[in-house]
$ cat query.txt   # compact mmCIF, C-alpha atoms and all ligand atoms
# COMPACT_ATOMS: atom_id res chain seq x y z
CA MET O 240 7.64 -22.40 -11.93
CA SER O 241 10.49 -21.35 -14.15
CA THR O 242 11.46 -17.73 -14.05
CA ASP O 243 11.86 -17.22 -17.81
CA SER O 244 8.34 -18.07 -18.94
CA THR O 245 6.83 -17.23 -15.67
CA ARG O 246 3.23 -17.00 -14.91
CA LEU O 247 3.00 -16.55 -11.21
CA SER O 248 -0.29 -18.23 -10.48
CA ARG O 249 -0.46 -19.22 -6.82
CA ILE O 250 -0.32 -16.13 -4.67
CA THR O 251 -0.03 -15.76 -0.90
CA VAL O 252 -0.52 -12.46 0.89
CA LEU O 253 0.95 -12.01 4.38
CA GLY O 254 -1.08 -9.59 6.48
CA THR O 255 -4.77 -8.92 6.03
CA GLY O 256 -4.78 -5.30 7.23
CA VAL O 257 -5.61 -2.22 5.16
CA LEU O 258 -3.36 -3.06 2.21
CA GLY O 259 -3.06 -6.84 2.53
CA SER O 260 -6.84 -7.32 2.33
CA GLN O 261 -7.00 -5.09 -0.76
CA ILE O 262 -4.09 -6.87 -2.47
CA ALA O 263 -5.60 -10.28 -1.73
CA PHE O 264 -9.02 -9.22 -2.96
CA GLN O 265 -7.80 -7.51 -6.14
CA THR O 266 -5.67 -10.57 -6.96
CA ALA O 267 -8.63 -12.92 -6.46
CA TYR O 268 -10.84 -10.52 -8.42
CA SER O 269 -8.42 -10.92 -11.31
CA GLY O 270 -8.97 -14.70 -11.28
CA PHE O 271 -6.08 -15.94 -9.14
CA ASP O 272 -6.29 -18.34 -6.22
CA VAL O 273 -5.08 -16.53 -3.13
CA VAL O 274 -4.08 -17.59 0.35
CA ALA O 275 -4.21 -14.79 2.92
CA TYR O 276 -2.23 -15.25 6.14
CA ASP O 277 -2.54 -13.41 9.42
CA ILE O 278 -1.25 -14.10 12.90
CA THR O 279 -4.36 -15.27 14.73
CA ASP O 280 -7.83 -16.60 13.97
CA GLU O 281 -9.27 -13.50 15.68
CA VAL O 282 -7.46 -11.25 13.21
CA LEU O 283 -8.76 -13.45 10.39
CA ASP O 284 -12.31 -12.78 11.60
CA THR O 285 -11.59 -9.08 11.12
CA ALA O 286 -10.17 -9.91 7.70
CA ARG O 287 -13.48 -11.51 6.68
CA GLY O 288 -15.21 -8.21 7.50
CA ARG O 289 -12.61 -6.28 5.50
CA LEU O 290 -13.10 -8.55 2.48
CA ASP O 291 -16.89 -8.21 2.71
CA SER O 292 -16.45 -4.42 2.74
CA LEU O 293 -14.35 -4.69 -0.41
CA VAL O 294 -17.14 -6.63 -2.14
CA ALA O 295 -19.46 -3.74 -1.22
CA ALA O 296 -16.91 -1.11 -2.32
CA TYR O 297 -16.30 -2.75 -5.72
CA ARG O 298 -20.05 -2.92 -6.28
CA ALA O 299 -20.70 0.63 -5.04
CA GLU O 300 -17.92 2.04 -7.20
CA ASN O 301 -19.00 0.06 -10.26
CA VAL O 302 -15.72 -1.73 -10.79
CA ALA O 303 -16.08 -3.62 -14.09
CA GLY O 304 -17.88 -6.92 -13.49
CA ALA O 305 -18.74 -6.23 -9.85
CA ALA O 306 -22.46 -5.95 -10.53
CA ASP O 307 -22.41 -9.39 -12.23
CA GLY O 308 -21.29 -11.35 -9.19
CA LYS O 309 -17.56 -11.08 -9.87
CA ALA O 310 -16.90 -9.55 -6.45
CA GLU O 311 -18.68 -12.38 -4.58
CA ALA O 312 -16.86 -14.93 -6.78
CA ALA O 313 -13.53 -13.37 -5.83
CA LEU O 314 -14.22 -14.11 -2.18
CA THR O 315 -14.52 -17.82 -2.92
CA ARG O 316 -10.96 -17.82 -4.31
CA ILE O 317 -9.43 -16.52 -1.06
CA ARG O 318 -8.42 -19.01 1.62
CA LEU O 319 -7.59 -17.57 5.04
CA THR O 320 -5.12 -19.22 7.40
CA SER O 321 -3.08 -18.42 10.50
CA ASP O 322 -0.56 -21.20 9.78
CA LEU O 323 2.44 -19.70 7.94
CA ALA O 324 3.81 -22.99 6.58
CA ASP O 325 0.37 -23.93 5.26
CA ALA O 326 -0.05 -20.46 3.75
CA VAL O 327 3.08 -20.64 1.62
CA LYS O 328 3.44 -24.35 0.82
CA ASP O 329 2.32 -23.96 -2.83
CA ALA O 330 3.09 -20.27 -3.38
CA ASP O 331 4.77 -18.94 -6.53
CA LEU O 332 4.69 -15.44 -5.08
CA VAL O 333 4.35 -14.21 -1.50
CA ILE O 334 3.36 -10.56 -1.13
CA GLU O 335 4.20 -9.27 2.34
CA ALA O 336 1.97 -6.52 3.77
CA ILE O 337 2.65 -6.79 7.51
CA PRO O 338 3.31 -3.82 9.84
CA GLU O 339 5.97 -1.29 8.88
CA ASN O 340 8.40 -2.32 11.60
CA LEU O 341 11.87 -3.69 10.94
CA ASP O 342 11.83 -6.17 13.86
CA ILE O 343 8.46 -7.62 12.82
CA LYS O 344 9.53 -7.86 9.18
CA ARG O 345 12.89 -9.45 10.06
CA ASP O 346 11.25 -12.05 12.27
CA THR O 347 8.59 -12.83 9.67
CA TYR O 348 11.04 -13.14 6.76
CA GLN O 349 13.25 -15.48 8.76
CA LYS O 350 10.27 -17.70 9.55
CA LEU O 351 9.03 -17.44 5.97
CA ALA O 352 12.42 -18.42 4.53
CA ALA O 353 12.42 -21.56 6.64
CA VAL O 354 9.06 -22.85 5.38
CA SER O 355 8.79 -21.63 1.76
CA PRO O 356 9.51 -23.71 -1.35
CA ALA O 357 12.80 -22.83 -3.04
CA HIS O 358 11.11 -21.38 -6.13
CA THR O 359 8.87 -18.93 -4.25
CA ILE O 360 9.41 -15.22 -4.94
CA PHE O 361 8.96 -12.81 -2.02
CA ALA O 362 7.76 -9.23 -2.55
CA THR O 363 7.44 -6.56 0.12
CA ASN O 364 4.80 -3.86 0.04
CA SER O 365 6.84 -1.76 2.49
CA SER O 366 6.46 1.99 2.01
CA THR O 367 9.53 3.22 3.87
CA LEU O 368 11.92 0.29 4.30
CA LEU O 369 14.03 -0.43 1.25
CA PRO O 370 14.13 -4.02 0.02
CA SER O 371 17.89 -4.01 0.63
CA ASP O 372 17.10 -3.40 4.34
CA LEU O 373 15.29 -6.75 4.32
CA LYS O 374 16.94 -8.91 1.69
CA GLU O 375 19.41 -10.66 3.98
CA PHE O 376 16.54 -12.04 6.09
CA THR O 377 14.82 -13.65 3.12
CA GLY O 378 17.45 -16.30 2.45
CA ARG O 379 16.86 -15.66 -1.28
CA PRO O 380 17.97 -12.13 -2.26
CA ALA O 381 17.79 -13.01 -5.98
CA LYS O 382 14.08 -13.80 -5.57
CA PHE O 383 13.20 -10.75 -3.51
CA LEU O 384 12.04 -7.24 -4.43
CA ALA O 385 9.46 -4.59 -3.55
CA LEU O 386 5.98 -4.53 -5.09
CA HIS O 387 4.38 -1.40 -3.70
CA PHE O 388 0.68 -0.75 -4.00
CA ALA O 389 -1.25 2.41 -3.16
CA ASN O 390 -4.25 2.49 -0.82
CA HIS O 391 -7.52 1.78 -2.71
CA VAL O 392 -5.74 -0.50 -5.15
CA TRP O 393 -8.77 -0.86 -7.41
CA VAL O 394 -8.75 2.91 -8.15
CA ASN O 395 -5.18 4.02 -7.43
CA ASN O 396 -3.79 1.15 -9.44
CA THR O 397 -0.09 1.82 -9.57
CA ALA O 398 2.20 -1.02 -8.51
CA GLU O 399 5.77 0.17 -8.13
CA VAL O 400 8.28 -2.60 -8.78
CA MET O 401 11.70 -2.03 -7.22
CA GLY O 402 14.48 -4.60 -6.97
CA THR O 403 17.82 -4.54 -5.19
CA GLU O 404 21.20 -5.10 -6.83
CA SER O 405 20.69 -8.79 -6.03
CA THR O 406 17.29 -9.24 -7.66
CA ASP O 407 17.31 -11.63 -10.63
CA PRO O 408 16.10 -9.67 -13.71
CA ALA O 409 13.84 -12.62 -14.65
CA VAL O 410 12.18 -12.42 -11.24
CA TYR O 411 11.71 -8.68 -11.72
CA ARG O 412 10.07 -9.23 -15.14
CA ALA O 413 7.80 -11.93 -13.73
CA VAL O 414 6.56 -9.61 -11.01
CA VAL O 415 6.00 -6.76 -13.49
CA GLU O 416 3.93 -9.15 -15.58
CA PHE O 417 1.99 -10.33 -12.54
CA ALA O 418 1.20 -6.72 -11.57
CA GLY O 419 -0.28 -6.16 -15.02
CA ASN O 420 -2.26 -9.40 -14.75
CA ILE O 421 -4.05 -8.14 -11.65
CA GLY O 422 -5.08 -4.85 -13.22
CA MET O 423 -2.25 -2.71 -11.92
CA VAL O 424 -0.13 -0.35 -13.97
CA PRO O 425 3.42 -1.52 -13.22
CA ILE O 426 5.78 1.34 -12.45
CA GLU O 427 9.27 0.05 -13.12
CA LEU O 428 12.08 1.53 -11.03
CA LYS O 429 15.57 0.87 -12.31
CA LYS O 430 17.23 1.44 -8.92
CA GLU O 431 16.23 1.56 -5.27
CA LYS O 432 14.81 4.87 -4.14
CA ALA O 433 13.20 5.73 -0.80
CA GLY O 434 9.66 6.91 -1.54
CA TYR O 435 9.60 5.11 -4.89
CA VAL O 436 8.36 7.36 -7.75
CA LEU O 437 5.01 8.44 -6.38
CA ASN O 438 6.07 9.67 -2.95
CA SER O 439 9.28 11.14 -4.38
CA LEU O 440 6.98 13.48 -6.30
CA LEU O 441 4.16 13.85 -3.80
CA VAL O 442 5.98 14.48 -0.51
CA PRO O 443 7.89 17.59 -1.73
CA LEU O 444 4.63 18.98 -3.15
CA LEU O 445 2.80 18.50 0.16
CA ASN O 446 5.74 19.96 2.10
CA ALA O 447 5.84 23.03 -0.13
CA ALA O 448 2.10 23.52 0.38
CA SER O 449 2.36 23.22 4.16
CA ASP O 450 5.25 25.73 4.17
CA LEU O 451 3.07 28.24 2.31
CA LEU O 452 0.45 27.89 5.03
CA VAL O 453 2.85 27.93 8.02
CA ASP O 454 4.67 30.98 6.62
CA GLY O 455 1.39 32.84 6.25
CA ILE O 456 1.77 33.20 2.48
CA ALA O 457 -1.53 31.72 1.30
CA GLU O 458 -4.58 29.84 2.57
CA PRO O 459 -5.19 26.19 1.54
CA GLU O 460 -7.98 27.15 -0.90
CA MET O 461 -5.66 29.55 -2.74
CA VAL O 462 -2.80 27.05 -2.84
CA ASP O 463 -5.07 24.33 -4.18
CA ARG O 464 -6.73 26.61 -6.72
CA THR O 465 -3.32 27.65 -8.04
CA TRP O 466 -2.21 24.06 -8.43
CA ARG O 467 -5.43 22.95 -10.13
CA ILE O 468 -5.53 25.80 -12.63
CA GLY O 469 -1.78 25.93 -13.20
CA THR O 470 -1.31 22.22 -13.86
CA GLY O 471 -4.75 20.86 -14.74
CA SER O 472 -4.62 18.49 -11.77
CA PRO O 473 -7.98 17.50 -10.29
CA PHE O 474 -6.78 18.02 -6.70
CA GLY O 475 -4.58 20.51 -4.91
CA PRO O 476 -2.15 19.47 -2.17
CA PHE O 477 -4.48 20.21 0.77
CA GLN O 478 -7.24 18.22 -0.91
CA ILE O 479 -4.76 15.37 -1.27
CA MET O 480 -3.92 15.64 2.45
CA ASP O 481 -7.63 15.34 3.29
CA ILE O 482 -7.80 12.17 1.17
CA VAL O 483 -4.65 10.69 2.72
CA GLY O 484 -6.08 11.46 6.17
CA LEU O 485 -4.86 14.14 8.57
CA THR O 486 -3.73 11.63 11.21
CA THR O 487 -1.19 10.26 8.73
CA VAL O 488 -0.24 13.80 7.68
CA TYR O 489 0.29 14.67 11.37
CA ASN O 490 2.34 11.53 12.08
CA ILE O 491 4.68 12.14 9.17
CA SER O 492 5.04 15.91 9.74
CA SER O 493 5.66 15.62 13.46
CA THR O 494 8.84 13.60 12.95
CA ALA O 495 10.34 15.98 10.34
CA GLY O 496 12.13 19.36 10.60
CA PRO O 497 10.99 22.44 12.60
CA LYS O 498 8.72 23.91 9.94
CA GLN O 499 7.07 20.54 9.34
CA ARG O 500 6.57 20.15 13.07
CA ALA O 501 4.89 23.58 13.18
CA PHE O 502 2.55 22.33 10.47
CA ALA O 503 1.88 19.16 12.48
CA GLU O 504 0.89 21.31 15.49
CA LEU O 505 -1.41 23.41 13.31
CA VAL O 506 -3.08 20.26 11.96
CA LYS O 507 -3.52 18.93 15.49
CA LYS O 508 -4.89 22.15 16.98
CA HIS O 509 -7.28 23.12 14.21
CA TYR O 510 -8.35 19.74 12.88
CA LEU O 511 -7.45 16.55 14.78
CA ASP O 512 -8.45 17.93 18.20
CA HIS O 513 -11.90 18.69 16.73
CA GLY O 514 -12.35 15.25 15.18
CA LYS O 515 -11.69 16.61 11.68
CA LEU O 516 -9.54 13.83 10.28
CA GLY O 517 -10.03 14.48 6.57
CA ALA O 518 -12.35 13.29 3.80
CA ALA O 519 -13.16 9.97 5.53
CA THR O 520 -14.75 11.80 8.50
CA GLY O 521 -16.53 14.42 6.39
CA GLU O 522 -14.27 17.30 7.37
CA GLY O 523 -10.62 18.30 7.19
CA PHE O 524 -9.29 21.32 5.33
CA TYR O 525 -12.60 21.05 3.45
CA THR O 526 -16.06 19.73 4.31
CA TYR O 527 -17.51 16.80 2.40
CA PRO O 528 -21.09 15.70 1.82
CA ALA O 529 -22.27 12.80 3.98
CA LYS O 530 -21.88 9.45 2.19
P1 LIG N 601 -2.07 -2.84 8.87
O1 LIG N 601 -1.59 -2.56 10.25
O2 LIG N 601 -3.42 -2.37 8.45
O3 LIG N 601 -2.03 -4.43 8.64
C1 LIG N 601 -0.94 -5.23 8.98
C2 LIG N 601 -1.42 -6.66 9.14
O4 LIG N 601 -0.31 -7.52 9.29
C3 LIG N 601 -2.31 -6.88 10.36
O5 LIG N 601 -3.49 -7.53 9.95
C4 LIG N 601 -1.45 -7.76 11.26
O6 LIG N 601 -2.23 -8.62 12.05
C5 LIG N 601 -0.64 -8.50 10.24
N1 LIG N 601 0.56 -9.22 10.66
C6 LIG N 601 1.07 -10.26 9.98
N2 LIG N 601 2.16 -10.73 10.59
C7 LIG N 601 2.34 -9.99 11.67
C8 LIG N 601 3.29 -10.03 12.70
N3 LIG N 601 4.29 -10.89 12.72
N4 LIG N 601 3.15 -9.14 13.70
C9 LIG N 601 2.14 -8.24 13.69
N5 LIG N 601 1.21 -8.17 12.71
C10 LIG N 601 1.32 -9.04 11.71
O7 LIG N 601 -0.94 -2.29 7.90
P2 LIG N 601 -1.08 -1.76 6.40
O8 LIG N 601 -1.45 -0.33 6.41
O9 LIG N 601 -1.87 -2.72 5.60
O10 LIG N 601 0.46 -1.79 5.96
C11 LIG N 601 1.09 -3.02 5.68
C12 LIG N 601 2.31 -2.75 4.82
O11 LIG N 601 1.89 -2.10 3.61
C13 LIG N 601 3.35 -1.83 5.46
O12 LIG N 601 4.63 -2.25 5.09
C14 LIG N 601 3.05 -0.46 4.84
O13 LIG N 601 4.19 0.35 4.74
C15 LIG N 601 2.58 -0.87 3.46
N6 LIG N 601 1.70 0.09 2.77
C16 LIG N 601 0.63 0.66 3.42
C17 LIG N 601 -0.17 1.58 2.74
C18 LIG N 601 -1.38 2.21 3.40
O14 LIG N 601 -1.93 3.17 2.84
N7 LIG N 601 -1.86 1.71 4.55
C19 LIG N 601 0.11 1.91 1.40
C20 LIG N 601 1.20 1.28 0.77
C21 LIG N 601 1.99 0.39 1.46
$ encode --input "query.txt" --output "structure tokens"
Amino acid sequence: MSTDSTRLSRITVLGTGVLGSQIAFQTAYSGFDVVAYDITDEVLDTARGRLDSLVAAYRAENVAGAADGKAEAALTRIRLTSDLADAVKDADLVIEAIPENLDIKRDTYQKLAAVSPAHTIFATNSSTLLPSDLKEFTGRPAKFLALHFANHVWVNNTAEVMGTESTDPAVYRAVVEFAGNIGMVPIELKKEKAGYVLNSLLVPLLNAASDLLVDGIAEPEMVDRTWRIGTGSPFGPFQIMDIVGLTTVYNISSTAGPKQRAFAELVKKHYLDHGKLGAATGEGFYTYPAK
């Protein structure tokens, strides 16, 4: 591979959890050969189930081509392995989607650096760690950046591309191009920013909505109605929280300031303790028809 005319063609995904399985599948669906790595063969068995569910989801949601066998064909382009050196031996690009934990990421990048070809680009899907928190462990800061997907990649198809001061601009361009080649809309960040673009916009909105509820100003339905009518958005902030999942909303709010913690307690008492976890379970701030 040369980084000026780059077509990144051999892709390895580290981690086959919620996001890793989606990234691997979407990449294979777009015609690429993919190697998906996870730590044990038992976890890879789970990954097979996740990938089968994605075939079903792409078909059920009428993703273009899914009804014509494209989803099943994508599966045949994904090779699963629990051997890291084997996973990366031919990779042009490694996309890391392992747990959001600095120790685990450090350890994995150090091992990865030792076994990867010199030309291989590394991209992290980390949501909260900045790539500059990780770059020194990669052994190749010029070939390292963040490529951040959103859950349900086939629908929420933003891919935020964020380098560090050390990232080679040609590497950055190659990854932007790759994101487009797998059906994502590349969102180009010119500098590092915690929360990227999407969460820099979304988190303050959700916090403002939860403050309105905690302060007794307005009920969720009124807040959401205001936002929908006032901006033309399809969803209000409490609807978005139901989609994100109230466990995640609770986890994030309970580590923030006093008012956010009060909101976390409200979410726990009125929703989580009653099994109302959001849209996925049929009930959260709103109730949803059975699927
Ligand atoms: P997850 O827990 O569902 O999956 C993580 C996977 O990594 C597991 O399959 C695990 O077995 C594997 N793994 C690989 N190497 C490992 C190691 N050394 N130790 C432990 N596990 C290892 O996590 P996820 O939700 O897919 O998140 C992965 C990354 O993607 C995180 O950095 C997260 O911030 C980011 N992300 C997640 C979402 C989301 O909505 N879940 C959205 C955007 C970005």
$ atom_distance --input "query.txt" --atom1 "atom CA of Lys350 of chain O" --atom2 "atom CA of Val392 of chain O"
27.7 Å
$ closest_residue --input "query.txt" --among "O:Ala295, O:Glu335, O:Leu314, O:Asp329" --to "ligand LIG 601 (chain N)" --atoms "only C-alpha atoms and all ligand atoms"
O:Glu335
$ residues_around --input "query.txt" --residues "segment 283-286 of chain O" --least-positions-apart "3" --cutoff "12 Å" --atoms "all atoms listed in the file" --output "JSON, numbers by chain"
{"O": [253, 254, 255, 256, 257, 258, 259, 260, 261, 263, 264, 274, 275, 276, 277, 278, 279, 280, 289, 290, 291, 292, 293, 314, 317, 318, 319, 320, 321, 322]}
$ residues_near_point --input "query.txt" --point "(7.0, -11.4, 9.8)" --cutoff "12 Å" --atoms "only C-alpha atoms" --output "PyMOL selection string"
chain O and resi 252-254+276-278+323+333-353+363+373+376-377
$ residues_around --input "query.txt" --residues "Thr465 of chain O" --least-positions-apart "6" --cutoff "12 Å" --atoms "all atoms listed in the file" --output "list in words"
Ala448, Ala457, Glu458, Pro459, Gly471, Ser472, Pro473, Phe474, Gly475, Pro476 and Phe477 of chain O
$ decode --input "query.txt" --residues "segment 325-352 of chain O" --atoms "N, CA and C atoms" --output "PDB file, in the first residue's frame"
ATOM      1  N   ASP O 325      -2.075 -13.570  13.259  1.00  0.00           N
ATOM      2  CA  ASP O 325      -2.735 -14.070  12.050  1.00  0.00           C
ATOM      3  C   ASP O 325      -3.770 -13.052  11.549  1.00  0.00           C
ATOM      4  N   ALA O 326      -4.443 -12.410  12.488  1.00  0.00           N
ATOM      5  CA  ALA O 326      -5.511 -11.464  12.117  1.00  0.00           C
ATOM      6  C   ALA O 326      -4.972 -10.273  11.336  1.00  0.00           C
ATOM      7  N   VAL O 327      -3.765  -9.840  11.657  1.00  0.00           N
ATOM      8  CA  VAL O 327      -3.279  -8.569  11.093  1.00  0.00           C
ATOM      9  C   VAL O 327      -2.185  -8.758  10.047  1.00  0.00           C
ATOM     10  N   LYS O 328      -1.814  -9.997   9.738  1.00  0.00           N
ATOM     11  CA  LYS O 328      -0.605 -10.193   8.925  1.00  0.00           C
ATOM     12  C   LYS O 328      -0.694  -9.549   7.541  1.00  0.00           C
ATOM     13  N   ASP O 329      -1.891  -9.414   6.970  1.00  0.00           N
ATOM     14  CA  ASP O 329      -2.027  -8.801   5.643  1.00  0.00           C
ATOM     15  C   ASP O 329      -2.775  -7.469   5.678  1.00  0.00           C
ATOM     16  N   ALA O 330      -3.035  -6.934   6.865  1.00  0.00           N
ATOM     17  CA  ALA O 330      -3.987  -5.816   6.960  1.00  0.00           C
ATOM     18  C   ALA O 330      -3.414  -4.498   6.443  1.00  0.00           C
ATOM     19  N   ASP O 331      -4.233  -3.786   5.645  1.00  0.00           N
ATOM     20  CA  ASP O 331      -3.927  -2.390   5.305  1.00  0.00           C
ATOM     21  C   ASP O 331      -4.442  -1.466   6.401  1.00  0.00           C
ATOM     22  N   LEU O 332      -5.570  -1.870   6.993  1.00  0.00           N
ATOM     23  CA  LEU O 332      -6.203  -1.046   8.029  1.00  0.00           C
ATOM     24  C   LEU O 332      -6.731  -1.954   9.124  1.00  0.00           C
ATOM     25  N   VAL O 333      -6.388  -1.626  10.359  1.00  0.00           N
ATOM     26  CA  VAL O 333      -6.945  -2.317  11.531  1.00  0.00           C
ATOM     27  C   VAL O 333      -7.872  -1.344  12.235  1.00  0.00           C
ATOM     28  N   ILE O 334      -9.121  -1.736  12.394  1.00  0.00           N
ATOM     29  CA  ILE O 334     -10.084  -0.898  13.132  1.00  0.00           C
ATOM     30  C   ILE O 334     -10.290  -1.546  14.490  1.00  0.00           C
ATOM     31  N   GLU O 335      -9.956  -0.811  15.526  1.00  0.00           N
ATOM     32  CA  GLU O 335     -10.011  -1.355  16.899  1.00  0.00           C
ATOM     33  C   GLU O 335     -11.336  -0.976  17.551  1.00  0.00           C
ATOM     34  N   ALA O 336     -12.071  -1.993  17.986  1.00  0.00           N
ATOM     35  CA  ALA O 336     -13.360  -1.778  18.678  1.00  0.00           C
ATOM     36  C   ALA O 336     -13.421  -2.699  19.889  1.00  0.00           C
ATOM     37  N   ILE O 337     -12.405  -2.597  20.739  1.00  0.00           N
ATOM     38  CA  ILE O 337     -12.341  -3.408  21.960  1.00  0.00           C
ATOM     39  C   ILE O 337     -12.841  -2.557  23.131  1.00  0.00           C
ATOM     40  N   PRO O 338     -12.982  -3.125  24.333  1.00  0.00           N
ATOM     41  CA  PRO O 338     -13.623  -2.377  25.421  1.00  0.00           C
ATOM     42  C   PRO O 338     -12.986  -1.018  25.705  1.00  0.00           C
ATOM     43  N   GLU O 339     -13.853  -0.117  26.164  1.00  0.00           N
ATOM     44  CA  GLU O 339     -13.453   1.279  26.434  1.00  0.00           C
ATOM     45  C   GLU O 339     -12.714   1.346  27.767  1.00  0.00           C
ATOM     46  N   ASN O 340     -11.506   0.847  27.777  1.00  0.00           N
ATOM     47  CA  ASN O 340     -10.725   0.770  29.010  1.00  0.00           C
ATOM     48  C   ASN O 340      -9.268   1.006  28.631  1.00  0.00           C
ATOM     49  N   LEU O 341      -8.652   2.004  29.253  1.00  0.00           N
ATOM     50  CA  LEU O 341      -7.306   2.409  28.831  1.00  0.00           C
ATOM     51  C   LEU O 341      -6.300   1.267  28.976  1.00  0.00           C
ATOM     52  N   ASP O 342      -6.386   0.501  30.062  1.00  0.00           N
ATOM     53  CA  ASP O 342      -5.411  -0.589  30.265  1.00  0.00           C
ATOM     54  C   ASP O 342      -5.546  -1.641  29.169  1.00  0.00           C
ATOM     55  N   ILE O 343      -6.795  -1.993  28.849  1.00  0.00           N
ATOM     56  CA  ILE O 343      -7.012  -3.015  27.800  1.00  0.00           C
ATOM     57  C   ILE O 343      -6.529  -2.480  26.453  1.00  0.00           C
ATOM     58  N   LYS O 344      -6.827  -1.218  26.175  1.00  0.00           N
ATOM     59  CA  LYS O 344      -6.403  -0.662  24.877  1.00  0.00           C
ATOM     60  C   LYS O 344      -4.868  -0.580  24.815  1.00  0.00           C
ATOM     61  N   ARG O 345      -4.245  -0.125  25.900  1.00  0.00           N
ATOM     62  CA  ARG O 345      -2.780  -0.010  25.904  1.00  0.00           C
ATOM     63  C   ARG O 345      -2.150  -1.373  25.604  1.00  0.00           C
ATOM     64  N   ASP O 346      -2.587  -2.361  26.364  1.00  0.00           N
ATOM     65  CA  ASP O 346      -2.041  -3.710  26.225  1.00  0.00           C
ATOM     66  C   ASP O 346      -2.236  -4.226  24.789  1.00  0.00           C
ATOM     67  N   THR O 347      -3.417  -3.999  24.256  1.00  0.00           N
ATOM     68  CA  THR O 347      -3.718  -4.509  22.906  1.00  0.00           C
ATOM     69  C   THR O 347      -2.893  -3.777  21.844  1.00  0.00           C
ATOM     70  N   TYR O 348      -2.767  -2.452  21.969  1.00  0.00           N
ATOM     71  CA  TYR O 348      -1.972  -1.718  20.964  1.00  0.00           C
ATOM     72  C   TYR O 348      -0.498  -2.122  21.025  1.00  0.00           C
ATOM     73  N   GLN O 349      -0.008  -2.377  22.224  1.00  0.00           N
ATOM     74  CA  GLN O 349       1.406  -2.784  22.305  1.00  0.00           C
ATOM     75  C   GLN O 349       1.607  -4.136  21.621  1.00  0.00           C
ATOM     76  N   LYS O 350       0.670  -5.050  21.849  1.00  0.00           N
ATOM     77  CA  LYS O 350       0.779  -6.363  21.188  1.00  0.00           C
ATOM     78  C   LYS O 350       0.592  -6.217  19.675  1.00  0.00           C
ATOM     79  N   LEU O 351      -0.346  -5.377  19.303  1.00  0.00           N
ATOM     80  CA  LEU O 351      -0.643  -5.165  17.883  1.00  0.00           C
ATOM     81  C   LEU O 351       0.570  -4.584  17.156  1.00  0.00           C
ATOM     82  N   ALA O 352       1.204  -3.597  17.797  1.00  0.00           N
ATOM     83  CA  ALA O 352       2.371  -2.944  17.177  1.00  0.00           C
ATOM     84  C   ALA O 352       3.463  -3.961  16.897  1.00  0.00           C
TER      85      ALA O 352
END
